[in-house]
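Colleague: Provided herewith: target_6.cif, mmCIF, C-alpha atoms, pLDDT in the B column; chains and numbers go by the auth columns.
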data_run
loop_
_atom_site.group_PDB
_atom_site.id
_atom_site.type_symbol
_atom_site.label_atom_id
_atom_site.label_comp_id
_atom_site.label_asym_id
_atom_site.label_seq_id
_atom_site.Cartn_x
_atom_site.Cartn_y
_atom_site.Cartn_z
_atom_site.B_iso_or_equiv
_atom_site.auth_seq_id
_atom_site.auth_asym_id
ATOM 1 C CA MET A 1 -21.505 -76.317 -0.583 44.00 30 M
ATOM 2 C CA THR A 2 -17.873 -76.170 -1.698 47.00 31 M
ATOM 3 C CA ARG A 3 -15.630 -74.460 0.800 54.00 32 M
ATOM 4 C CA TYR A 4 -12.321 -72.860 -0.130 52.00 33 M
ATOM 5 C CA ASN A 5 -9.347 -74.134 1.887 56.00 34 M
ATOM 6 C CA SER A 6 -11.524 -75.848 4.464 56.00 35 M
ATOM 7 C CA TRP A 7 -10.002 -76.636 7.831 53.00 36 M
ATOM 8 C CA PRO A 8 -7.513 -78.225 8.456 54.00 37 M
ATOM 9 C CA LEU A 9 -5.749 -77.449 5.165 52.00 38 M
ATOM 10 C CA GLY A 10 -2.480 -75.771 6.148 58.00 39 M
ATOM 11 C CA ASN A 11 -3.153 -76.631 9.785 70.00 40 M
ATOM 12 C CA LEU A 12 -0.580 -75.332 12.275 74.00 41 M
ATOM 13 C CA PRO A 13 0.972 -77.634 14.856 78.00 42 M
ATOM 14 C CA GLU A 14 -1.284 -77.715 17.891 80.00 43 M
ATOM 15 C CA GLU A 15 1.194 -75.887 20.109 84.00 44 M
ATOM 16 C CA TRP A 16 1.254 -72.934 17.676 84.00 45 M
ATOM 17 C CA ARG A 17 -2.481 -72.436 17.425 85.00 46 M
ATOM 18 C CA ARG A 18 -4.418 -69.722 19.175 91.00 47 M
ATOM 19 C CA PRO A 19 -6.722 -71.270 21.785 93.00 48 M
ATOM 20 C CA GLU A 20 -9.939 -69.318 21.167 96.00 49 M
ATOM 21 C CA PRO A 21 -11.546 -71.540 18.485 94.00 50 M
ATOM 22 C CA ASP A 22 -11.215 -74.631 20.670 93.00 51 M
ATOM 23 C CA LEU A 23 -12.238 -72.633 23.753 96.00 52 M
ATOM 24 C CA ILE A 24 -15.646 -71.747 22.339 97.00 53 M
ATOM 25 C CA ARG A 25 -16.256 -75.439 21.584 96.00 54 M
ATOM 26 C CA THR A 26 -16.106 -76.031 25.339 96.00 55 M
ATOM 27 C CA LEU A 27 -18.818 -73.376 25.710 95.00 56 M
ATOM 28 C CA GLY A 28 -21.156 -75.284 23.407 96.00 57 M
ATOM 29 C CA TYR A 29 -20.505 -73.531 20.092 97.00 58 M
ATOM 30 C CA LYS A 30 -20.256 -75.852 17.097 96.00 59 M
ATOM 31 C CA TRP A 31 -18.202 -75.166 14.000 94.00 60 M
ATOM 32 C CA GLU A 32 -16.562 -77.231 11.264 89.00 61 M
ATOM 33 C CA ASP A 33 -14.814 -74.705 9.037 86.00 62 M
ATOM 34 C CA PRO A 34 -13.187 -71.792 10.934 87.00 63 M
ATOM 35 C CA ARG A 35 -15.209 -69.313 8.900 88.00 64 M
ATOM 36 C CA ASP A 36 -18.276 -70.708 10.657 93.00 65 M
ATOM 37 C CA ILE A 37 -16.940 -68.909 13.731 96.00 66 M
ATOM 38 C CA ILE A 38 -17.195 -65.559 11.946 96.00 67 M
ATOM 39 C CA ASP A 39 -20.826 -66.294 11.055 96.00 68 M
ATOM 40 C CA ILE A 40 -21.570 -67.171 14.695 98.00 69 M
ATOM 41 C CA PHE A 41 -19.981 -63.941 15.906 98.00 70 M
ATOM 42 C CA GLU A 42 -21.833 -61.787 13.371 98.00 71 M
ATOM 43 C CA LYS A 43 -25.199 -63.333 14.250 98.00 72 M
ATOM 44 C CA LYS A 44 -24.431 -62.850 17.935 98.00 73 M
ATOM 45 C CA LEU A 45 -23.578 -59.192 17.347 98.00 74 M
ATOM 46 C CA ALA A 46 -26.748 -58.544 15.350 98.00 75 M
ATOM 47 C CA ALA A 47 -28.974 -60.208 17.965 98.00 76 M
ATOM 48 C CA TYR A 48 -27.329 -58.213 20.767 98.00 77 M
ATOM 49 C CA ALA A 49 -27.438 -54.875 18.933 98.00 78 M
ATOM 50 C CA GLY A 50 -30.932 -55.237 17.489 98.00 79 M
ATOM 51 C CA SER A 51 -29.976 -55.158 13.804 98.00 80 M
ATOM 52 C CA LYS A 52 -30.827 -57.722 11.134 98.00 81 M
ATOM 53 C CA PHE A 53 -27.212 -58.153 10.051 98.00 82 M
ATOM 54 C CA ALA A 54 -23.644 -57.547 11.187 98.00 83 M
ATOM 55 C CA VAL A 55 -20.456 -57.683 9.131 98.00 84 M
ATOM 56 C CA SER A 56 -17.173 -58.112 11.015 98.00 85 M
ATOM 57 C CA VAL A 57 -13.964 -56.477 9.774 98.00 86 M
ATOM 58 C CA ASP A 58 -10.365 -56.149 10.891 97.00 87 M
ATOM 59 C CA CYS A 59 -10.708 -52.654 12.417 97.00 88 M
ATOM 60 C CA ASP A 60 -13.118 -49.788 12.987 97.00 89 M
ATOM 61 C CA SER A 61 -11.357 -47.467 10.515 97.00 90 M
ATOM 62 C CA ASN A 62 -11.749 -49.974 7.689 98.00 91 M
ATOM 63 C CA ALA A 63 -15.402 -50.441 8.668 98.00 92 M
ATOM 64 C CA LEU A 64 -15.956 -46.692 8.284 98.00 93 M
ATOM 65 C CA PHE A 65 -14.193 -46.708 4.920 98.00 94 M
ATOM 66 C CA LEU A 66 -16.333 -49.569 3.599 98.00 95 M
ATOM 67 C CA ALA A 67 -19.544 -47.934 4.828 98.00 96 M
ATOM 68 C CA LEU A 68 -18.556 -44.753 2.980 98.00 97 M
ATOM 69 C CA LYS A 69 -17.685 -46.681 -0.192 97.00 98 M
ATOM 70 C CA TYR A 70 -21.010 -48.498 -0.067 98.00 99 M
ATOM 71 C CA ARG A 71 -22.872 -45.177 -0.053 97.00 100 M
ATOM 72 C CA ASN A 72 -20.981 -44.484 -3.305 94.00 101 M
ATOM 73 C CA GLY A 73 -21.161 -40.708 -3.229 90.00 102 M
ATOM 74 C CA ASN A 74 -19.020 -37.630 -3.012 91.00 103 M
ATOM 75 C CA GLY A 75 -19.225 -34.143 -1.583 93.00 104 M
ATOM 76 C CA GLU A 76 -19.029 -33.020 2.021 95.00 105 M
ATOM 77 C CA ILE A 77 -19.424 -35.239 5.080 96.00 106 M
ATOM 78 C CA SER A 78 -19.928 -33.510 8.429 97.00 107 M
ATOM 79 C CA ILE A 79 -18.370 -34.924 11.604 97.00 108 M
ATOM 80 C CA PRO A 80 -17.705 -33.525 15.082 98.00 109 M
ATOM 81 C CA ARG A 81 -14.451 -31.621 15.393 96.00 110 M
ATOM 82 C CA ASN A 82 -13.657 -33.634 18.528 98.00 111 M
ATOM 83 C CA THR A 83 -13.202 -37.224 17.377 97.00 112 M
ATOM 84 C CA TYR A 84 -10.535 -39.757 16.471 97.00 113 M
ATOM 85 C CA VAL A 85 -8.126 -38.639 13.770 96.00 114 M
ATOM 86 C CA SER A 86 -8.797 -41.633 11.514 96.00 115 M
ATOM 87 C CA VAL A 87 -12.380 -40.546 10.819 97.00 116 M
ATOM 88 C CA PRO A 88 -11.638 -37.540 8.557 96.00 117 M
ATOM 89 C CA MET A 89 -8.859 -39.551 6.933 96.00 118 M
ATOM 90 C CA GLN A 90 -11.260 -42.350 5.948 97.00 119 M
ATOM 91 C CA ILE A 91 -13.742 -39.804 4.624 97.00 120 M
ATOM 92 C CA TYR A 92 -10.991 -38.314 2.466 95.00 121 M
ATOM 93 C CA HIS A 93 -9.717 -41.725 1.289 96.00 122 M
ATOM 94 C CA ALA A 94 -13.274 -42.708 0.300 97.00 123 M
ATOM 95 C CA GLY A 95 -13.541 -39.694 -2.006 95.00 124 M
ATOM 96 C CA TYR A 96 -15.468 -37.219 0.146 96.00 125 M
ATOM 97 C CA THR A 97 -14.522 -33.958 1.839 94.00 126 M
ATOM 98 C CA PRO A 98 -14.698 -33.936 5.648 95.00 127 M
ATOM 99 C CA VAL A 99 -16.272 -30.894 7.303 95.00 128 M
ATOM 100 C CA LEU A 100 -15.986 -30.332 11.056 96.00 129 M
ATOM 101 C CA ARG A 101 -18.936 -29.318 13.230 96.00 130 M
ATOM 102 C CA ASP A 102 -19.441 -28.446 16.887 97.00 131 M
ATOM 103 C CA GLU A 103 -21.199 -31.304 18.684 98.00 132 M
ATOM 104 C CA LYS A 104 -21.078 -32.466 22.278 98.00 133 M
ATOM 105 C CA TRP A 105 -21.630 -36.116 21.404 98.00 134 M
ATOM 106 C CA VAL A 106 -21.592 -39.075 23.788 98.00 135 M
ATOM 107 C CA GLY A 107 -21.086 -42.649 22.594 98.00 136 M
ATOM 108 C CA ILE A 108 -22.218 -42.165 19.005 98.00 137 M
ATOM 109 C CA TYR A 109 -22.466 -39.550 16.240 98.00 138 M
ATOM 110 C CA GLU A 110 -23.446 -39.410 12.574 98.00 139 M
ATOM 111 C CA LEU A 111 -21.262 -38.949 9.529 98.00 140 M
ATOM 112 C CA ALA A 112 -23.909 -36.657 8.090 98.00 141 M
ATOM 113 C CA PRO A 113 -25.875 -36.794 5.868 97.00 142 M
ATOM 114 C CA LEU A 114 -25.098 -40.436 4.991 97.00 143 M
ATOM 115 C CA GLU A 115 -26.757 -42.175 7.969 98.00 144 M
ATOM 116 C CA ILE A 116 -23.401 -43.702 8.850 98.00 145 M
ATOM 117 C CA TYR A 117 -22.891 -43.743 12.608 98.00 146 M
ATOM 118 C CA ASP A 118 -19.608 -44.073 14.446 98.00 147 M
ATOM 119 C CA SER A 119 -20.326 -45.853 17.719 98.00 148 M
ATOM 120 C CA ALA A 120 -16.804 -47.035 18.446 97.00 149 M
ATOM 121 C CA VAL A 121 -17.241 -46.120 22.115 98.00 150 M
ATOM 122 C CA ARG A 122 -20.749 -47.572 22.562 98.00 151 M
ATOM 123 C CA PHE A 123 -21.557 -51.241 23.068 98.00 152 M
ATOM 124 C CA THR A 124 -24.791 -52.058 24.857 98.00 153 M
ATOM 125 C CA LYS A 125 -27.902 -54.158 24.295 98.00 154 M
ATOM 126 C CA GLY A 126 -30.208 -52.762 21.594 98.00 155 M
ATOM 127 C CA MET A 127 -27.732 -50.082 20.505 98.00 156 M
ATOM 128 C CA PHE A 128 -28.554 -50.194 16.775 98.00 157 M
ATOM 129 C CA VAL A 129 -30.118 -46.887 15.700 98.00 158 M
ATOM 130 C CA GLY A 130 -32.335 -48.567 13.097 97.00 159 M
ATOM 131 C CA GLY A 131 -33.677 -47.383 9.772 96.00 160 M
ATOM 132 C CA ASN A 132 -31.247 -47.243 6.862 96.00 161 M
ATOM 133 C CA ALA A 133 -28.230 -46.783 9.120 98.00 162 M
ATOM 134 C CA LEU A 134 -24.811 -48.300 8.772 98.00 163 M
ATOM 135 C CA GLN A 135 -23.491 -48.327 12.331 98.00 164 M
ATOM 136 C CA VAL A 136 -19.796 -48.955 12.950 98.00 165 M
ATOM 137 C CA LEU A 137 -18.350 -50.687 16.035 98.00 166 M
ATOM 138 C CA SER A 138 -14.835 -51.053 17.419 98.00 167 M
ATOM 139 C CA PHE A 139 -13.213 -53.927 19.303 98.00 168 M
ATOM 140 C CA GLN A 140 -9.952 -52.148 20.067 96.00 169 M
ATOM 141 C CA ILE A 141 -8.306 -53.094 23.371 93.00 170 M
ATOM 142 C CA LYS A 142 -9.909 -50.200 25.328 93.00 171 M
ATOM 143 C CA LYS A 143 -13.462 -50.962 24.191 95.00 172 M
ATOM 144 C CA ARG A 144 -16.252 -53.038 25.763 96.00 173 M
ATOM 145 C CA VAL A 145 -15.360 -56.078 23.643 97.00 174 M
ATOM 146 C CA PRO A 146 -11.549 -55.826 23.825 97.00 175 M
ATOM 147 C CA ILE A 147 -10.534 -58.300 21.135 97.00 176 M
ATOM 148 C CA GLY A 148 -7.475 -56.122 20.573 96.00 177 M
ATOM 149 C CA ARG A 149 -8.278 -55.310 16.968 95.00 178 M
ATOM 150 C CA GLY A 150 -11.447 -55.504 14.940 97.00 179 M
ATOM 151 C CA GLY A 151 -14.673 -53.781 14.086 98.00 180 M
ATOM 152 C CA ALA A 152 -18.111 -54.403 12.618 98.00 181 M
ATOM 153 C CA ILE A 153 -20.906 -52.760 10.651 98.00 182 M
ATOM 154 C CA LEU A 154 -24.537 -53.147 11.745 98.00 183 M
ATOM 155 C CA THR A 155 -27.314 -52.852 9.172 98.00 184 M
ATOM 156 C CA ASN A 156 -30.908 -53.794 8.433 98.00 185 M
ATOM 157 C CA ASP A 157 -30.282 -53.651 4.685 98.00 186 M
ATOM 158 C CA GLU A 158 -29.710 -57.067 3.115 97.00 187 M
ATOM 159 C CA GLU A 159 -28.242 -55.520 -0.037 97.00 188 M
ATOM 160 C CA ALA A 160 -25.714 -53.597 2.056 98.00 189 M
ATOM 161 C CA TYR A 161 -24.934 -56.738 4.024 98.00 190 M
ATOM 162 C CA ARG A 162 -24.200 -58.761 0.895 96.00 191 M
ATOM 163 C CA TRP A 163 -22.064 -56.003 -0.628 97.00 192 M
ATOM 164 C CA LEU A 164 -20.089 -55.531 2.584 97.00 193 M
ATOM 165 C CA LYS A 165 -19.492 -59.279 3.025 96.00 194 M
ATOM 166 C CA LEU A 166 -17.965 -59.469 -0.446 96.00 195 M
ATOM 167 C CA ALA A 167 -16.034 -56.226 0.010 97.00 196 M
ATOM 168 C CA THR A 168 -14.316 -57.382 3.198 97.00 197 M
ATOM 169 C CA TYR A 169 -12.884 -60.486 1.547 94.00 198 M
ATOM 170 C CA ASP A 170 -11.465 -59.308 -1.795 94.00 199 M
ATOM 171 C CA GLY A 171 -14.837 -59.689 -3.512 94.00 200 M
ATOM 172 C CA ARG A 172 -14.686 -63.465 -3.084 91.00 201 M
ATOM 173 C CA ASP A 173 -17.699 -65.747 -2.835 89.00 202 M
ATOM 174 C CA LEU A 174 -16.505 -68.159 -0.160 84.00 203 M
ATOM 175 C CA SER A 175 -19.269 -70.656 -0.954 83.00 204 M
ATOM 176 C CA SER A 176 -17.592 -71.440 -4.295 84.00 205 M
ATOM 177 C CA ALA A 177 -14.244 -72.960 -5.201 82.00 206 M
ATOM 178 C CA TYR A 178 -11.325 -70.568 -5.685 82.00 207 M
ATOM 179 C CA THR A 179 -10.656 -72.150 -9.084 83.00 208 M
ATOM 180 C CA GLU A 180 -14.084 -71.173 -10.452 86.00 209 M
ATOM 181 C CA ALA A 181 -14.260 -68.082 -12.645 86.00 210 M
ATOM 182 C CA SER A 182 -17.356 -66.944 -10.733 88.00 211 M
ATOM 183 C CA HIS A 183 -15.519 -67.039 -7.398 89.00 212 M
ATOM 184 C CA ILE A 184 -14.715 -63.301 -7.626 91.00 213 M
ATOM 185 C CA LYS A 185 -17.957 -61.351 -7.609 92.00 214 M
ATOM 186 C CA SER A 186 -16.642 -57.796 -7.268 92.00 215 M
ATOM 187 C CA LEU A 187 -13.617 -55.686 -6.499 93.00 216 M
ATOM 188 C CA GLY A 188 -12.957 -55.705 -2.789 96.00 217 M
ATOM 189 C CA TRP A 189 -10.531 -55.134 0.052 97.00 218 M
ATOM 190 C CA HIS A 190 -8.589 -57.444 2.367 96.00 219 M
ATOM 191 C CA TYR A 191 -10.392 -56.338 5.542 97.00 220 M
ATOM 192 C CA TYR A 192 -11.819 -59.556 6.995 96.00 221 M
ATOM 193 C CA MET A 193 -11.773 -60.469 10.687 97.00 222 M
ATOM 194 C CA THR A 194 -9.867 -63.668 11.482 95.00 223 M
ATOM 195 C CA PRO A 195 -11.753 -66.646 12.949 95.00 224 M
ATOM 196 C CA GLU A 196 -9.490 -66.523 16.012 96.00 225 M
ATOM 197 C CA ASP A 197 -10.454 -62.904 16.706 97.00 226 M
ATOM 198 C CA ALA A 198 -14.126 -63.709 16.130 98.00 227 M
ATOM 199 C CA ALA A 199 -13.854 -66.588 18.611 98.00 228 M
ATOM 200 C CA ARG A 200 -12.348 -64.221 21.185 98.00 229 M
ATOM 201 C CA GLY A 201 -15.244 -61.836 20.541 98.00 230 M
ATOM 202 C CA ILE A 202 -17.761 -64.623 21.189 98.00 231 M
ATOM 203 C CA TRP A 203 -16.022 -65.539 24.443 98.00 232 M
ATOM 204 C CA LEU A 204 -15.914 -61.906 25.591 97.00 233 M
ATOM 205 C CA MET A 205 -19.545 -61.232 24.719 97.00 234 M
ATOM 206 C CA ASP A 206 -20.642 -64.215 26.781 97.00 235 M
ATOM 207 C CA GLN A 207 -19.163 -62.459 29.820 95.00 236 M
ATOM 208 C CA LEU A 208 -20.529 -58.990 29.026 96.00 237 M
ATOM 209 C CA PRO A 209 -23.557 -57.445 30.781 95.00 238 M
ATOM 210 C CA GLU A 210 -26.486 -56.423 28.624 94.00 239 M
ATOM 211 C CA VAL A 211 -26.318 -52.781 29.714 96.00 240 M
ATOM 212 C CA ASN A 212 -22.996 -50.934 29.462 97.00 241 M
ATOM 213 C CA THR A 213 -22.151 -47.266 29.777 97.00 242 M
ATOM 214 C CA ASP A 214 -20.395 -45.523 26.902 97.00 243 M
ATOM 215 C CA THR A 215 -16.597 -45.488 27.053 96.00 244 M
ATOM 216 C CA GLY A 216 -16.068 -42.116 25.388 96.00 245 M
ATOM 217 C CA SER A 217 -17.445 -38.770 24.255 98.00 246 M
ATOM 218 C CA PHE A 218 -16.296 -35.551 22.590 97.00 247 M
ATOM 219 C CA GLU A 219 -14.373 -34.772 25.775 97.00 248 M
ATOM 220 C CA ASN A 220 -11.947 -37.636 25.152 96.00 249 M
ATOM 221 C CA TYR A 221 -10.704 -36.326 21.808 96.00 250 M
ATOM 222 C CA PRO A 222 -8.740 -33.250 20.686 95.00 251 M
ATOM 223 C CA ASP A 223 -10.152 -30.533 18.441 96.00 252 M
ATOM 224 C CA LEU A 224 -9.020 -31.719 15.015 95.00 253 M
ATOM 225 C CA SER A 225 -9.446 -28.247 13.540 92.00 254 M
ATOM 226 C CA GLN A 226 -6.250 -27.320 15.391 93.00 255 M
ATOM 227 C CA TRP A 227 -4.179 -30.016 13.648 92.00 256 M
ATOM 228 C CA PRO A 228 -2.536 -28.679 10.444 91.00 257 M
ATOM 229 C CA ILE A 229 -2.604 -31.967 8.514 89.00 258 M
ATOM 230 C CA ILE A 230 -6.350 -32.319 9.137 90.00 259 M
ATOM 231 C CA ARG A 231 -7.030 -28.690 8.264 85.00 260 M
ATOM 232 C CA ASN A 232 -5.566 -29.462 4.827 84.00 261 M
ATOM 233 C CA LEU A 233 -8.263 -32.129 4.309 82.00 262 M
ATOM 234 C CA VAL A 234 -11.371 -30.385 5.538 80.00 263 M
ATOM 235 C CA GLY A 235 -13.780 -28.039 3.834 61.00 264 M
ATOM 236 C CA GLU A 236 -15.189 -24.841 5.342 54.00 265 M
ATOM 237 C CA PHE A 237 -16.327 -25.188 8.946 46.00 266 M
#
If you took the structure in this file and wrote it as C-alpha cells, what would it be?
Modeller:
Amino acid sequence: MTRYNSWPLGNLPEEWRRPEPDLIRTLGYKWEDPRDIIDIFEKKLAAYAGSKFAVSVDCDSNALFLALKYRNGNGEISIPRNTYVSVPMQIYHAGYTPVLRDEKWVGIYELAPLEIYDSAVRFTKGMFVGGNALQVLSFQIKKRVPIGRGGAILTNDEEAYRWLKLATYDGRDLSSAYTEASHIKSLGWHYYMTPEDAARGIWLMDQLPEVNTDTGSFENYPDLSQWPIIRNLVGEF
C-alpha cells in the first residue's frame, strides 16, 4: 500500500512534538504511520459503543453536518428546543429547515426523521442505538472523553462509513499516492481528527469505566425558540 506523506516526512524536532503518539506506544499500541492511530481509535470506539464502524472528526458540529449531508435530503428536521445552538445551524447549513419540538431528553435525542442521533453528552458501554442510525459523539473538554476537541459518527452501515471517511479528508483516498489522478474520490471537507488527538482519545478511553452517567439533558440548555437569530432559521413549531 502506498501511503501519502508517511511518517516522518516533515517531522518536527522531538521537543516540539505532542507526547500522545509515543505515550500510547508505552501502553502496547503499535503504529507505523500516524494515521494508523486514527484507525486504532475508531476501532476502539466502535467496539466500546457496539457499532460496526466509527468515523472520527474534528468536532461534534462537523460530525452532525456530515451525517446530514450523507442523508442527502431536504425539508424539515425536528430537534428539541432545548439543545446546543450549533445543532439548528448545522441543519440549516446542510440544506434543511430546523423545527423545534418539546422534549425532555436525557443524554441523546434524534434529529427526526433522519435517524441521526446527537449523543454529545452520552458516552457509555454499548451506547449505539443500532439499526440504520448515524450517532454523533463529542470529545469536547467537558465530556467523558475530554480530548479538548473532536467528535465521531457511529454506524453499522458500511456504505455510510466509506462515504464519511472520504468526506472527512477532502475526498482523498489515503491508500493511494497524492500524485495519482484517482487519489480524489469525491468532493469532501477538511474535518479529520489529528493523530495526536486520536492518541489522546485512546489514552483517555483506557482509563474510562465501562458504565458512565450522561453529562447533560434538556435542562442544561436554553430554549432556542427565544433566541431571535435561531427563530429566523426555524420552521413552524
Colleague: Could you tell me which residues the PyMOL selection byres ((chain M and resi 174) around 7) returns for this structure, as a list of chain:residue names?
Modeller: M:Phe168, M:Lys172, M:Arg173, M:Pro175, M:Ile176, M:Gly230, M:Leu233, M:Met234
Colleague: Could the residues in this selection be written to a file with C-alpha atoms, as a compact mmCIF listing (two decimals), keeping the file's coordinate frame?
Modeller:
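Contents of the output file selection04.txt:
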# COMPACT_ATOMS: atom_id res chain seq x y z
CA PHE M 168 -13.21 -53.93 19.30
CA LYS M 172 -13.46 -50.96 24.19
CA ARG M 173 -16.25 -53.04 25.76
CA PRO M 175 -11.55 -55.83 23.82
CA ILE M 176 -10.53 -58.30 21.14
CA GLY M 230 -15.24 -61.84 20.54
CA LEU M 233 -15.91 -61.91 25.59
CA MET M 234 -19.55 -61.23 24.72
Colleague: In Å, rounded to a single decimal, give me how far atom CA of Met156 of chain M is from atom CA of Pro117 of chain M.
Modeller: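 Rounded to one decimal, the two atoms are 23.6 Å apart.
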Colleague: Since I can't run it myself right now, could you work out what the PyMOL selection byres ((chain M and resi 143-145) around 9) selects here and report it as a ChimeraX atom specification?
Modeller: /M:93,96-97,100,106,138-142,146-147,160-165
Colleague: I'd like to know which of M:Leu166, M:Met222, M:Leu95, M:Cys88 is closest to Ala75 of chain M, using all atoms listed in the file.
Modeller: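 Ranked by minimum distance to Ala75 of chain M, first place goes to M:Leu166.
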Colleague: Please report the interatomic distance between atom CA of Ile258 of chain M and atom CA of Asp131 of chain M in Å with one decimal.
Modeller: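 Distance between the two atoms: 19.1 Å.
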Colleague: By how many Å are atom CA of Arg64 of chain M and atom CA of Tyr198 of chain M apart?
Modeller: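 If I compute the distance from atom CA of Arg64 of chain M to atom CA of Tyr198 of chain M, I get 11.7 Å.
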Colleague: Hey, could you pull the box centre and edge lengths for segment 125-144 of chain M, axis-aligned, 4 Å padding per side, all listed atoms, to one decimal in Å, as JSON?
Modeller:
{"center_x": -20.6, "center_y": -35.5, "center_z": 12.0, "size_x": 20.2, "size_y": 22.2, "size_z": 31.6}
Colleague: Output the residue selection produced by the PyMOL selection byres ((chain M and resi 72) around 12) on the file above, formatted as a list in words.
Modeller: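 Applied to this file, the PyMOL selection byres ((chain M and resi 72) around 12) selects Asp65, Ile66, Ile67, Asp68, Ile69, Phe70, Glu71, Lys73, Leu74, Ala75, Ala76, Tyr77, Ala78, Gly79, Ser80, Lys81, Phe82, Ala83, Val84, Ser85, Ala181, Ile182, Leu183, Thr184, Ala227, Gly230 and Ile231 of chain M.
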Colleague: Would you please work out which residue, of M:Leu253, M:Ala228, M:Leu237, M:Ala123, is nearest to Pro50 of chain M when using all atoms listed in the file?
Modeller: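 Comparing M:Leu253, M:Ala228, M:Leu237, M:Ala123 against Pro50 of chain M, the winner is M:Ala228.
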Colleague: Which one of M:Trp232, M:Lys214, M:Pro42, M:Asp51 sits closest to Arg191 of chain M if you count only C-alpha atoms?
Modeller: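 Selected residue with least distance to Arg191 of chain M: M:Lys214.
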Colleague: Find, counting all atoms listed in the file, the residue in M:Ser254, M:Ser211, M:Ser167, M:Thr153 that gets nearest to Val240 of chain M.
Modeller: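 Between M:Ser254, M:Ser211, M:Ser167, M:Thr153, the residue approaching Val240 of chain M most closely is M:Thr153.
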Colleague: Please identify all polymer residues within 9 Å of Trp134 of chain M, counting all atoms listed in the file, omitting same-chain residues fewer than 5 positions from it, and present them as a list in words.
Modeller: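 With the cut-off at 9 Å, the set is Pro109, Asn111, Ser246, Phe247 and Glu248 of chain M.
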